[in-house]
Protein chains: 2
Amino acid sequence: MPIAIEELNNTNCKCYLLTKGSFAILVDPVRERLETYRQLLEHRSLKLVKILETHTHADHLMLNRDARQVLQAPIVMHRNSPSPLVDEHMDEGDEILLDGEIIRVFHTPGHTLDSVCLVVEGAVLTGDTLLIGGSGRTDFPGGDSGTQYDAVTERLFKLPDETVVWPGHDYKGNTSSTIGYEKQNNLRFLNKTRAQYVELMAGLGLPFPEKIQQSLQINQSGFEADEVSFPLVTDLQKISEISAQDLHALLENPERPRLIDVREPEEFVGELGHISHALLIPMDMFQKRLPKLLGYADLPIVVICRAGARSAAVCALMNQAGFRSVRNLQGGMLAWVDQQLPVQH
Amino acid sequence: MPIAIEELNNTNCKCYLLTKGSFAILVDPVRERLETYRQLLEHRSLKLVKILETHTHADHLMLNRDARQVLQAPIVMHRNSPSPLVDEHMDEGDEILLDGEIIRVFHTPGHTLDSVCLVVEGAVLTGDTLLIGGSGRTDFPGGDSGTQYDAVTERLFKLPDETVVWPGHDYKGNTSSTIGYEKQNNLRFLNKTRAQYVELMAGLGLPFPEKIQQSLQINQSGFEADEVSFPLVTDLQKISEISAQDLHALLENPERPRLIDVREPEEFVGELGHISHALLIPMDMFQKRLPKLLGYADLPIVVICRAGARSAAVCALMNQAGFRSVRNLQGGMLAWVDQQLPVQH
């Protein structure tokens with residue numbers, strides 16, 4: 001018996017329930033429907049074993065700490081996820097088990113750096129990578145049309161033609177498709193070279209979603225807007241960045257910049273560790289600590305987090321507060337560790 | 001021309017102004033008289049070069065960040081000071097210069113672990129170590145009658161008899177005395193053995209000063225009571241402690257305790273460093289972070305700070321909040337580093 005797949009939201013924004021026997025996995029739950037999910041799981045006596053996210057969503061609020069507490073299952077996201085609320089990270093090639101059945105993880109960056117597709121027997125959950133007759137936009141920070149083209153054409157389109165495609169969104173009332181149908185009919189990819197696809201995506205000119213401030217930044221940072229006023233997208237676009245390699249070189253200097261790490265205490269001394277002498281000021285403590293930080297306002301500062309998203313927001317807030325030389329560590333500690341640069345725990 | 005010494009408070013609680021030419025040092029300023037000091041320095045065109053504290057005071061509020069900002073001089077305390085507001089630490093044998101004149105530092109623990117006497121040509125500022133006809137109480141945490149006896153009899157009483165004694169307190173209207181006079185007339189020490197002195201001090205039965213909650217804990221922790229409600233002395237006395245050596249052994253265990261470090265970010269990655277994998281939750285962030293920490297309520301926890309004072313307060317607060325197994329690192333990171341145990345920065 002393969003894994004059963006049901007869509008639970010009946011809206012443009014889809015949440016999937018994967019079940020085998022009495023075990024269940026939720027994929028991409030939206031926070032506002034938490035109570036519905038809880039009741040459904042209870043009513044059908046399903047044991048929820050994991051909550052998977054295909055990527056960091058920009059259009060709806062994901063589960064927060066309280067919601068996770070209600071569902072009592074770990075949140076699993078790709079390693080590149082910027083959020084501190086992730087309990088387990090998945091990566092390319094991982095196999096997640098649901099009562100003995102395998103869910104294979106394809107890392108398919110393009111819509112976001114942390115996008116994955118979840119492949120089960122006979123079907124694939126494509127998140128915002130491949131949509132029915134379309135694909136996820138690639139114009140948010142971390143988006144990349146080229147890698148998305150590769151993911152779709154070299155990974156998803158290599159699955160058997162009869163594989164059922166369950167997308168993360170659909171705006172036209174469709175529910176599912178197949179790999180074979182998309183290969184034949186999806187005009188974004190049909191007879192398009194990689195370069196043509198990149199050009200096409202660059203020309204879409206989509207408006208930013210209305211709630212991007214209220215959703216994306218909350219989903220990235222793991223806490224709510226009433227604890228910090230998130231910067232505007234235009235302010236985010238103005239920040240300066242520094243690469244991990246350049247920062248490492250700069251730290252050899254006597255005039256080394258002051259490092260401010262805005263992750264959670266558990267992350268600071270966790271798997272990725274921290275850069276020596278970085279000051280830990282968790283993002284939700286930033287406003288309160290700001291008066292004490294003003295002594296550094298004229299000094300060069302580099303702000304650090306897991307993936308570079310929370311730190312980008314803090315850079316924008318520090319620019320607003322009058323700090324003169326603030327830069328974001330591009331790609332965060334993930335990029336630092338990928339370069340095998342030294343960390344402390 | 002030696003250093004000139006003036007007492008500025010004209011109360012039981014004394015503050016000294018040391019001057020040479022146009023340079024000045026303040027010893028033991030009280031916060032409520034800040035404006036008086038500022039005006040006096042300005043009126044006499046004195047340049048304040050340092051603010052020295054003979055120890056962590058329990059009877060009055062010391063300078064906070066704002067007050068220090070007004071006086072624009074670094075606060076200097078003995079290395080054992082628990083406070084995060086100290087700009088420079090002094091230790092036994094240090095020589096502090098005032099326009100070329102030497103102020104010698106005697107570390108004289110007994111009243112507190114961070115007590116010092118300041119020796120200048122012809123005089124000594126004795127803080128709460130030696131008082132006129134008396135000595136500072138030794139019944140606060142960190143107090144030790146034996147080391148105080150040693151400090152007075154083996155250090156101060158070895159100074160020339162004519163050395164003028166300027167005490168930190170006097171409750172009988174005295175202003176100064178001499179070493180010779182105290183050797184002859186101070187009944188706490190006259191013809192007393194060390195053991196007799198310890199017995200005498202243990203029997204004093206002094207009441208705790210009225211404002212100890214509002215002064216000592218603020219002076220130790222460096223922030224104000226409206227940011228955290230300090231525990232009562234009776235709650236502080238109930239906390240469990242663990243030595244640096246025992247904690248180090250425990251960390252080799254697979255069932256290692258969770259470490260929570262309540263210092264400031266600058267201290268965590270500063271000179272003393274931190275213990276690997278310790279979570280940084282600065283003391284003034286503790287109340288806000290408490291909900292997130294409740295997940296550790298049933299786990300063994302060790303709380304850490306610089307000298308063990310702030311962490312003792314947090315241990316008491318965690319006990320109140322229902323944490324089941326909380327211990328204080330005795331002597332804090334100072335004790336850990338003194339044992340040459342490994343640290344991260």
# chains A, B, ... in the order shown; residues from 1 in each chain; ligands from 1

$ interface_residues --of "chain A" --to "chain B" --cutoff "8 Å" --atoms "only C-alpha atoms" --output "list in words"
Pro265, Glu266, Phe268, Val269, Gly270, Ser276, His277, Ala278, Leu279, Leu280, Ile281, Met285, Gln344 and His345 of chain A

$ write_last_selection --atoms "all heavy atoms" --output "compact mmCIF listing (two decimals), in the first residue's frame"
# COMPACT_ATOMS: atom_id res chain seq x y z
N PRO A 265 19.82 31.67 21.11
CA PRO A 265 20.93 31.11 21.90
C PRO A 265 21.26 29.66 21.53
O PRO A 265 22.43 29.28 21.46
CB PRO A 265 20.42 31.20 23.33
CG PRO A 265 19.44 32.33 23.32
CD PRO A 265 18.80 32.29 21.96
N GLU A 266 20.23 28.87 21.25
CA GLU A 266 20.45 27.46 20.92
C GLU A 266 21.20 27.31 19.60
O GLU A 266 21.96 26.36 19.42
CB GLU A 266 19.11 26.70 20.83
CG GLU A 266 18.45 26.41 22.16
CD GLU A 266 17.65 27.57 22.73
OE1 GLU A 266 17.69 28.68 22.15
OE2 GLU A 266 17.00 27.38 23.76
N PHE A 268 23.33 29.58 18.35
CA PHE A 268 24.66 30.18 18.52
C PHE A 268 25.67 29.13 18.94
O PHE A 268 26.82 29.14 18.49
CB PHE A 268 24.56 31.30 19.56
CG PHE A 268 25.75 32.20 19.67
CD1 PHE A 268 26.01 33.15 18.71
CD2 PHE A 268 26.60 32.12 20.77
CE1 PHE A 268 27.09 34.02 18.83
CE2 PHE A 268 27.69 32.98 20.90
CZ PHE A 268 27.93 33.93 19.92
N VAL A 269 25.26 28.22 19.83
CA VAL A 269 26.17 27.19 20.31
C VAL A 269 25.78 25.81 19.75
O VAL A 269 26.22 24.79 20.25
CB VAL A 269 26.25 27.16 21.85
CG1 VAL A 269 26.89 28.44 22.34
CG2 VAL A 269 24.87 26.98 22.49
N GLY A 270 24.93 25.81 18.73
CA GLY A 270 24.45 24.55 18.15
C GLY A 270 25.33 24.05 17.02
O GLY A 270 26.53 24.35 16.96
N SER A 276 34.11 33.36 16.23
CA SER A 276 34.76 33.81 17.45
C SER A 276 34.52 35.30 17.71
O SER A 276 34.65 36.11 16.81
CB SER A 276 36.26 33.54 17.31
OG SER A 276 36.93 33.81 18.51
N HIS A 277 34.18 35.62 18.95
CA HIS A 277 33.98 36.99 19.42
C HIS A 277 32.72 37.67 18.88
O HIS A 277 32.54 38.87 19.09
CB HIS A 277 35.20 37.87 19.15
CG HIS A 277 36.41 37.40 19.90
ND1 HIS A 277 36.53 37.54 21.26
CD2 HIS A 277 37.52 36.73 19.51
CE1 HIS A 277 37.67 37.01 21.66
NE2 HIS A 277 38.28 36.50 20.61
N ALA A 278 31.83 36.91 18.23
CA ALA A 278 30.55 37.51 17.81
C ALA A 278 29.68 37.74 19.03
O ALA A 278 29.58 36.88 19.90
CB ALA A 278 29.84 36.58 16.82
N LEU A 279 29.04 38.91 19.07
CA LEU A 279 28.10 39.21 20.16
C LEU A 279 26.75 38.63 19.81
O LEU A 279 26.20 38.91 18.75
CB LEU A 279 27.93 40.72 20.32
CG LEU A 279 29.17 41.52 20.70
CD1 LEU A 279 28.78 42.99 20.84
CD2 LEU A 279 29.75 41.00 22.01
N LEU A 280 26.17 37.87 20.72
CA LEU A 280 24.84 37.29 20.47
C LEU A 280 23.76 38.26 20.95
O LEU A 280 23.67 38.58 22.14
CB LEU A 280 24.70 35.96 21.22
CG LEU A 280 23.30 35.34 21.15
CD1 LEU A 280 22.91 35.01 19.71
CD2 LEU A 280 23.21 34.09 22.01
N ILE A 281 22.97 38.75 20.01
CA ILE A 281 21.80 39.58 20.33
C ILE A 281 20.64 38.99 19.54
O ILE A 281 20.41 39.38 18.39
CB ILE A 281 21.98 41.05 19.91
CG1 ILE A 281 23.37 41.60 20.20
CG2 ILE A 281 20.87 41.93 20.50
CD1 ILE A 281 23.58 42.09 21.60
N MET A 285 15.44 40.37 20.70
CA MET A 285 15.99 41.19 21.77
C MET A 285 16.59 42.48 21.22
O MET A 285 17.03 43.34 21.97
CB MET A 285 17.12 40.43 22.50
CG MET A 285 16.69 39.15 23.15
SD MET A 285 15.49 39.50 24.45
CE MET A 285 14.71 37.91 24.59
N GLN A 344 33.21 28.43 16.69
CA GLN A 344 33.23 28.11 18.12
C GLN A 344 31.84 27.58 18.49
O GLN A 344 30.86 27.90 17.82
CB GLN A 344 33.48 29.38 18.94
CG GLN A 344 34.71 30.12 18.58
CD GLN A 344 35.92 29.60 19.28
OE1 GLN A 344 35.91 29.47 20.49
NE2 GLN A 344 36.95 29.27 18.54
N HIS A 345 31.76 26.86 19.60
CA HIS A 345 30.45 26.35 20.05
C HIS A 345 30.15 26.79 21.49
O HIS A 345 31.04 27.17 22.19
CB HIS A 345 30.40 24.84 19.95
CG HIS A 345 30.44 24.36 18.52
ND1 HIS A 345 29.32 24.34 17.73
CD2 HIS A 345 31.47 23.95 17.75
CE1 HIS A 345 29.67 23.90 16.53
NE2 HIS A 345 30.96 23.67 16.51

$ select_by_dssp --residues "region 49-99 of chain B" --states "strand (DSSP E)" --output "list in words"
Val49, Lys50, Ile51, Leu52, Ile75, Val76, Met77, His78, Glu88, His89, Met90, Glu95, Ile96, Leu97 and Leu98 of chain B

$ write_last_selection --atoms "C-alpha atoms" --output "short mmCIF file (atom, residue, chain, number, x, y, z; two decimals), in the first residue's frame"
data_model
loop_
_atom_site.label_atom_id
_atom_site.label_comp_id
_atom_site.auth_asym_id
_atom_site.auth_seq_id
_atom_site.Cartn_x
_atom_site.Cartn_y
_atom_site.Cartn_z
CA VAL B 49 40.65 60.01 35.00
CA LYS B 50 39.15 57.01 36.82
CA ILE B 51 36.37 55.94 39.15
CA LEU B 52 37.62 53.37 41.66
CA ILE B 75 34.99 52.36 36.36
CA VAL B 76 37.76 50.26 37.88
CA MET B 77 37.10 47.38 40.27
CA HIS B 78 38.90 44.31 41.50
CA GLU B 88 38.92 47.97 33.83
CA HIS B 89 39.81 45.37 36.41
CA MET B 90 42.52 45.79 39.01
CA GLU B 95 49.77 50.37 40.41
CA ILE B 96 47.30 53.00 39.25
CA LEU B 97 48.78 56.33 38.24
CA LEU B 98 47.37 59.78 39.02
#

$ closest_residue --among "A:Arg31, A:Arg263, A:Arg44, A:Arg258" --to "Met333 (chain A)" --atoms "only C-alpha atoms"
A:Arg263

$ atom_distance --atom1 "CA of His60 (chain B)" --atom2 "CA of Gly222 (chain B)"
13.2 Å

$ select_by_dssp --residues "region 58-199 of chain A" --states "helix (DSSP H, G or I)" --output "CSV table (one decimal) with all heavy atoms, in the first residue's frame"
chain,number,residue,atom,x,y,z
A,65,ARG,N,5.8,28.5,17.3
A,65,ARG,CA,6.1,27.6,18.4
A,65,ARG,C,4.8,27.1,19.1
A,65,ARG,O,4.7,25.9,19.4
A,65,ARG,CB,6.9,28.3,19.5
A,65,ARG,CG,8.4,28.5,19.2
A,65,ARG,CD,9.1,29.3,20.3
A,65,ARG,NE,10.2,30.0,19.8
A,65,ARG,CZ,11.4,29.6,19.7
A,65,ARG,NH1,11.8,28.4,20.1
A,65,ARG,NH2,12.4,30.4,19.2
A,66,ASP,N,3.9,27.9,19.3
A,66,ASP,CA,2.6,27.5,19.9
A,66,ASP,C,1.9,26.5,19.1
A,66,ASP,O,1.3,25.5,19.6
A,66,ASP,CB,1.7,28.7,20.2
A,66,ASP,CG,2.3,29.6,21.2
A,66,ASP,OD1,3.2,29.2,22.0
A,66,ASP,OD2,1.9,30.8,21.3
A,67,ALA,N,1.8,26.7,17.7
A,67,ALA,CA,1.1,25.8,16.8
A,67,ALA,C,1.8,24.5,16.8
A,67,ALA,O,1.2,23.4,16.8
A,67,ALA,CB,1.1,26.4,15.4
A,68,ARG,N,3.1,24.5,16.8
A,68,ARG,CA,3.9,23.2,16.8
A,68,ARG,C,3.6,22.5,18.1
A,68,ARG,O,3.5,21.2,18.1
A,68,ARG,CB,5.4,23.5,16.7
A,68,ARG,CG,6.2,22.3,16.7
A,68,ARG,CD,7.7,22.6,16.5
A,68,ARG,NE,8.1,23.5,17.6
A,68,ARG,CZ,9.4,24.0,17.7
A,68,ARG,NH1,10.3,23.6,16.8
A,68,ARG,NH2,9.8,24.8,18.6
A,69,GLN,N,3.4,23.2,19.2
A,69,GLN,CA,3.1,22.6,20.5
A,69,GLN,C,1.7,21.9,20.4
A,69,GLN,O,1.6,20.8,20.9
A,69,GLN,CB,3.0,23.7,21.5
A,69,GLN,CG,3.1,23.2,22.9
A,69,GLN,CD,4.5,22.5,23.2
A,69,GLN,OE1,5.5,22.8,22.5
A,69,GLN,NE2,4.5,21.7,24.2
A,70,VAL,N,0.8,22.4,19.6
A,70,VAL,CA,-0.5,21.8,19.5
A,70,VAL,C,-0.4,20.5,18.7
A,70,VAL,O,-1.0,19.5,19.1
A,70,VAL,CB,-1.5,22.8,18.8
A,70,VAL,CG1,-2.8,22.1,18.4
A,70,VAL,CG2,-1.8,24.0,19.7
A,71,LEU,N,0.4,20.5,17.6
A,71,LEU,CA,0.4,19.3,16.8
A,71,LEU,C,1.5,18.3,17.3
A,71,LEU,O,1.4,17.2,16.9
A,71,LEU,CB,0.8,19.7,15.3
A,71,LEU,CG,-0.3,20.5,14.6
A,71,LEU,CD1,0.1,20.9,13.2
A,71,LEU,CD2,-1.7,19.8,14.7
A,145,SER,N,16.3,31.6,-11.3
A,145,SER,CA,15.6,31.0,-12.4
A,145,SER,C,16.4,29.8,-13.0
A,145,SER,O,15.9,28.8,-13.4
A,145,SER,CB,15.3,32.0,-13.5
A,145,SER,OG,14.6,33.1,-13.0
A,146,GLY,N,17.7,30.0,-13.1
A,146,GLY,CA,18.6,29.0,-13.7
A,146,GLY,C,18.5,27.7,-13.0
A,146,GLY,O,18.3,26.6,-13.5
A,147,THR,N,18.7,27.8,-11.6
A,147,THR,CA,18.7,26.5,-10.9
A,147,THR,C,17.3,25.9,-10.8
A,147,THR,O,17.2,24.7,-10.8
A,147,THR,CB,19.2,26.8,-9.4
A,147,THR,OG1,18.3,27.7,-8.8
A,147,THR,CG2,20.6,27.3,-9.4
A,148,GLN,N,16.3,26.8,-11.0
A,148,GLN,CA,14.9,26.2,-11.0
A,148,GLN,C,14.7,25.4,-12.3
A,148,GLN,O,14.1,24.3,-12.3
A,148,GLN,CB,13.9,27.3,-10.9
A,148,GLN,CG,12.5,26.8,-10.7
A,148,GLN,CD,11.5,27.9,-10.5
A,148,GLN,OE1,11.4,28.8,-11.3
A,148,GLN,NE2,10.8,27.8,-9.4
A,149,TYR,N,15.2,26.0,-13.4
A,149,TYR,CA,15.1,25.3,-14.7
A,149,TYR,C,15.8,23.9,-14.6
A,149,TYR,O,15.3,22.9,-15.1
A,149,TYR,CB,15.8,26.2,-15.8
A,149,TYR,CG,15.7,25.6,-17.2
A,149,TYR,CD1,14.6,25.8,-18.0
A,149,TYR,CD2,16.8,24.8,-17.6
A,149,TYR,CE1,14.6,25.2,-19.3
A,149,TYR,CE2,16.8,24.2,-18.9
A,149,TYR,CZ,15.7,24.5,-19.7
A,149,TYR,OH,15.7,23.9,-21.0
A,150,ASP,N,17.0,23.9,-14.0
A,150,ASP,CA,17.7,22.7,-13.9
A,150,ASP,C,16.9,21.7,-13.1
A,150,ASP,O,16.9,20.5,-13.4
A,150,ASP,CB,19.1,22.9,-13.2
A,150,ASP,CG,20.0,23.8,-14.0
A,150,ASP,OD1,19.7,24.0,-15.3
A,150,ASP,OD2,20.9,24.5,-13.4
A,151,ALA,N,16.4,22.2,-12.0
A,151,ALA,CA,15.6,21.3,-11.1
A,151,ALA,C,14.5,20.6,-11.8
A,151,ALA,O,14.2,19.4,-11.6
A,151,ALA,CB,15.2,22.0,-9.8
A,152,VAL,N,13.7,21.4,-12.5
A,152,VAL,CA,12.5,20.9,-13.2
A,152,VAL,C,12.9,20.0,-14.3
A,152,VAL,O,12.4,18.9,-14.4
A,152,VAL,CB,11.7,22.1,-13.7
A,152,VAL,CG1,10.5,21.6,-14.6
A,152,VAL,CG2,11.1,22.9,-12.5
A,153,THR,N,13.8,20.4,-15.2
A,153,THR,CA,14.1,19.7,-16.4
A,153,THR,C,15.0,18.5,-16.1
A,153,THR,O,14.9,17.4,-16.8
A,153,THR,CB,14.7,20.6,-17.5
A,153,THR,OG1,16.0,21.1,-17.0
A,153,THR,CG2,13.8,21.7,-17.9
A,154,GLU,N,15.9,18.6,-15.2
A,154,GLU,CA,16.9,17.5,-15.0
A,154,GLU,C,16.5,16.6,-13.8
A,154,GLU,O,17.0,15.5,-13.7
A,154,GLU,CB,18.3,18.1,-14.7
A,154,GLU,CG,18.9,18.7,-16.0
A,154,GLU,CD,20.2,19.4,-15.7
A,154,GLU,OE1,20.8,19.1,-14.7
A,154,GLU,OE2,20.5,20.3,-16.5
A,155,ARG,N,15.6,17.0,-13.0
A,155,ARG,CA,15.2,16.2,-11.8
A,155,ARG,C,13.8,15.7,-12.0
A,155,ARG,O,13.5,14.6,-12.2
A,155,ARG,CB,15.4,16.9,-10.5
A,155,ARG,CG,16.8,17.5,-10.3
A,155,ARG,CD,17.9,16.5,-10.1
A,155,ARG,NE,17.6,15.5,-9.1
A,155,ARG,CZ,17.8,15.7,-7.7
A,155,ARG,NH1,18.2,16.8,-7.3
A,155,ARG,NH2,17.5,14.7,-6.9
A,156,LEU,N,12.8,16.7,-12.0
A,156,LEU,CA,11.4,16.3,-12.0
A,156,LEU,C,11.0,15.7,-13.3
A,156,LEU,O,10.3,14.6,-13.3
A,156,LEU,CB,10.6,17.5,-11.7
A,156,LEU,CG,10.8,18.2,-10.4
A,156,LEU,CD1,9.9,19.4,-10.2
A,156,LEU,CD2,10.6,17.2,-9.2
A,157,PHE,N,11.5,16.2,-14.4
A,157,PHE,CA,11.1,15.7,-15.7
A,157,PHE,C,11.8,14.3,-16.0
A,157,PHE,O,11.4,13.7,-17.0
A,157,PHE,CB,11.4,16.7,-16.9
A,157,PHE,CG,10.4,17.8,-16.9
A,157,PHE,CD1,9.3,17.9,-16.0
A,157,PHE,CD2,10.5,18.8,-17.9
A,157,PHE,CE1,8.4,18.9,-16.1
A,157,PHE,CE2,9.5,19.8,-18.0
A,157,PHE,CZ,8.5,19.9,-17.1
A,158,LYS,N,12.7,13.9,-15.2
A,158,LYS,CA,13.3,12.6,-15.3
A,158,LYS,C,12.5,11.5,-14.5
A,158,LYS,O,12.8,10.3,-14.6
A,158,LYS,CB,14.7,12.6,-14.8
A,158,LYS,CG,15.6,13.5,-15.6
A,158,LYS,CD,16.1,12.9,-16.9
A,158,LYS,CE,16.7,13.9,-17.9
A,158,LYS,NZ,18.0,14.5,-17.5
A,179,ILE,N,3.7,14.3,-14.5
A,179,ILE,CA,5.0,14.7,-15.1
A,179,ILE,C,4.9,14.7,-16.6
A,179,ILE,O,5.3,15.6,-17.3
A,179,ILE,CB,6.2,13.8,-14.6
A,179,ILE,CG1,6.4,14.1,-13.1
A,179,ILE,CG2,7.4,14.0,-15.5
A,179,ILE,CD1,7.0,15.4,-12.8
A,180,GLY,N,4.3,13.6,-17.2
A,180,GLY,CA,4.2,13.5,-18.7
A,180,GLY,C,3.4,14.7,-19.2
A,180,GLY,O,3.8,15.3,-20.2
A,181,TYR,N,2.3,15.1,-18.6
A,181,TYR,CA,1.4,16.2,-19.0
A,181,TYR,C,2.2,17.5,-19.0
A,181,TYR,O,2.2,18.3,-19.9
A,181,TYR,CB,0.2,16.3,-18.2
A,181,TYR,CG,-0.8,17.3,-18.7
A,181,TYR,CD1,-1.8,17.0,-19.7
A,181,TYR,CD2,-0.7,18.6,-18.2
A,181,TYR,CE1,-2.6,18.0,-20.2
A,181,TYR,CE2,-1.6,19.6,-18.7
A,181,TYR,CZ,-2.5,19.3,-19.7
A,181,TYR,OH,-3.4,20.2,-20.2
A,182,GLU,N,2.9,17.7,-17.9
A,182,GLU,CA,3.7,19.0,-17.8
A,182,GLU,C,4.8,19.0,-18.8
A,182,GLU,O,5.1,20.1,-19.4
A,182,GLU,CB,4.3,19.1,-16.3
A,182,GLU,CG,3.2,19.3,-15.3
A,182,GLU,CD,2.3,20.5,-15.6
A,182,GLU,OE1,2.7,21.6,-15.9
A,182,GLU,OE2,1.0,20.3,-15.4
A,183,LYS,N,5.5,17.9,-19.1
A,183,LYS,CA,6.5,17.9,-20.1
A,183,LYS,C,6.0,18.3,-21.5
A,183,LYS,O,6.6,19.0,-22.2
A,183,LYS,CB,7.2,16.6,-20.2
A,183,LYS,CG,8.2,16.3,-19.1
A,183,LYS,CD,8.5,14.8,-18.9
A,183,LYS,CE,9.3,14.2,-20.0
A,183,LYS,NZ,9.7,12.8,-19.6
A,184,GLN,N,4.7,17.9,-21.7
A,184,GLN,CA,4.1,18.2,-23.0
A,184,GLN,C,3.4,19.6,-23.1
A,184,GLN,O,3.3,20.2,-24.1
A,184,GLN,CB,3.0,17.2,-23.3
A,184,GLN,CG,3.6,15.8,-23.5
A,184,GLN,CD,4.6,15.7,-24.6
A,184,GLN,OE1,4.4,16.3,-25.7
A,184,GLN,NE2,5.7,14.9,-24.4
A,185,ASN,N,3.0,20.1,-21.9
A,185,ASN,CA,2.1,21.2,-22.0
A,185,ASN,C,2.5,22.5,-21.2
A,185,ASN,O,1.9,23.5,-21.3
A,185,ASN,CB,0.7,20.8,-21.4
A,185,ASN,CG,0.1,19.8,-22.3
A,185,ASN,OD1,-0.5,20.1,-23.4
A,185,ASN,ND2,0.2,18.5,-21.9
A,194,ARG,N,17.6,26.9,-21.2
A,194,ARG,CA,17.8,27.5,-19.9
A,194,ARG,C,17.8,29.0,-20.0
A,194,ARG,O,17.2,29.7,-19.2
A,194,ARG,CB,19.1,27.0,-19.3
A,194,ARG,CG,19.3,27.3,-17.8
A,194,ARG,CD,20.7,26.7,-17.4
A,194,ARG,NE,20.9,26.5,-16.0
A,194,ARG,CZ,21.4,27.4,-15.1
A,194,ARG,NH1,21.8,28.6,-15.6
A,194,ARG,NH2,21.5,27.2,-13.8
A,195,ALA,N,18.6,29.6,-20.9
A,195,ALA,CA,18.7,31.0,-21.1
A,195,ALA,C,17.3,31.6,-21.4
A,195,ALA,O,17.0,32.7,-20.9
A,195,ALA,CB,19.7,31.3,-22.2
A,196,GLN,N,16.5,30.9,-22.2
A,196,GLN,CA,15.2,31.5,-22.6
A,196,GLN,C,14.3,31.5,-21.3
A,196,GLN,O,13.5,32.4,-21.1
A,196,GLN,CB,14.6,30.6,-23.7
A,196,GLN,CG,15.2,30.9,-25.0
A,196,GLN,CD,14.7,29.9,-26.1
A,196,GLN,OE1,14.4,28.7,-25.8
A,196,GLN,NE2,14.5,30.4,-27.3
A,197,TYR,N,14.4,30.5,-20.5
A,197,TYR,CA,13.6,30.4,-19.3
A,197,TYR,C,14.0,31.5,-18.3
A,197,TYR,O,13.2,32.2,-17.8
A,197,TYR,CB,13.8,29.0,-18.6
A,197,TYR,CG,13.0,28.9,-17.3
A,197,TYR,CD1,11.6,28.7,-17.4
A,197,TYR,CD2,13.6,29.0,-16.1
A,197,TYR,CE1,10.9,28.6,-16.2
A,197,TYR,CE2,12.9,28.9,-14.9
A,197,TYR,CZ,11.5,28.6,-15.0
A,197,TYR,OH,10.8,28.5,-13.8
A,198,VAL,N,15.3,31.7,-18.2
A,198,VAL,CA,15.8,32.8,-17.3
A,198,VAL,C,15.2,34.2,-17.8
A,198,VAL,O,14.8,35.0,-17.0
A,198,VAL,CB,17.3,32.8,-17.2
A,198,VAL,CG1,17.8,34.1,-16.5
A,198,VAL,CG2,17.8,31.6,-16.5
A,199,GLU,N,15.3,34.4,-19.1
A,199,GLU,CA,14.8,35.6,-19.7
A,199,GLU,C,13.3,35.8,-19.4
A,199,GLU,O,12.8,36.8,-19.0
A,199,GLU,CB,15.1,35.6,-21.2
A,199,GLU,CG,14.9,37.0,-21.8
A,199,GLU,CD,15.1,37.0,-23.3
A,199,GLU,OE1,15.7,36.0,-23.8
A,199,GLU,OE2,14.5,37.8,-24.0

$ residues_around --residues "Leu26 (chain B)" --least-positions-apart "3" --cutoff "10 Å" --atoms "only C-alpha atoms" --output "list in words"
Ile5, Glu6, Glu7, Leu8, Cys15, Tyr16, Leu17, Leu18, Thr19, Pro29, Tyr37, Leu48, Val49, Lys50, Ile51, Leu52, Glu53, Ala73 and Ile75 of chain B

$ write_last_selection --atoms "C-alpha atoms" --output "PDB file, in the first residue's frame"
ATOM      1  CA  ILE B   5      42.522  63.351  49.664  1.00  0.00           C
ATOM      2  CA  GLU B   6      39.099  64.873  50.390  1.00  0.00           C
ATOM      3  CA  GLU B   7      35.929  63.224  51.597  1.00  0.00           C
ATOM      4  CA  LEU B   8      32.901  64.480  49.634  1.00  0.00           C
ATOM      5  CA  CYS B  15      33.328  59.049  48.869  1.00  0.00           C
ATOM      6  CA  TYR B  16      36.881  60.241  48.347  1.00  0.00           C
ATOM      7  CA  LEU B  17      38.252  62.649  45.809  1.00  0.00           C
ATOM      8  CA  LEU B  18      41.932  62.084  45.067  1.00  0.00           C
ATOM      9  CA  THR B  19      43.615  64.923  43.218  1.00  0.00           C
ATOM     10  CA  PRO B  29      30.893  57.604  44.521  1.00  0.00           C
ATOM     11  CA  TYR B  37      30.326  65.377  41.972  1.00  0.00           C
ATOM     12  CA  LEU B  48      38.404  62.851  36.179  1.00  0.00           C
ATOM     13  CA  VAL B  49      40.647  60.008  35.003  1.00  0.00           C
ATOM     14  CA  LYS B  50      39.146  57.012  36.816  1.00  0.00           C
ATOM     15  CA  ILE B  51      36.373  55.940  39.146  1.00  0.00           C
ATOM     16  CA  LEU B  52      37.619  53.370  41.663  1.00  0.00           C
ATOM     17  CA  GLU B  53      35.400  51.169  43.790  1.00  0.00           C
ATOM     18  CA  ALA B  73      35.642  58.059  33.187  1.00  0.00           C
ATOM     19  CA  ILE B  75      34.991  52.357  36.358  1.00  0.00           C
TER      20      ILE B  75
END

$ atom_distance --atom1 "CA of Arg324 (chain B)" --atom2 "CA of Phe286 (chain B)"
17.2 Å

$ atom_distance --atom1 "CA of Gly134 (chain A)" --atom2 "CA of Ser81 (chain A)"
23.7 Å

$ closest_atom_pairs --of "region 46-136 of chain A" --to "region 302-318 of chain A" --cutoff "9 Å" --atoms "only C-alpha atoms" --output "JSON lines"
{"residue": "A:Asn80", "atom": "CA", "partner": "A:Ala307", "partner_atom": "CA", "distance": 6.5}
{"residue": "A:Ser81", "atom": "CA", "partner": "A:Ala307", "partner_atom": "CA", "distance": 6.9}
{"residue": "A:Pro82", "atom": "CA", "partner": "A:Ala307", "partner_atom": "CA", "distance": 4.8}
{"residue": "A:Ser83", "atom": "CA", "partner": "A:Arg306", "partner_atom": "CA", "distance": 7.7}
{"residue": "A:Pro84", "atom": "CA", "partner": "A:Arg306", "partner_atom": "CA", "distance": 8.1}
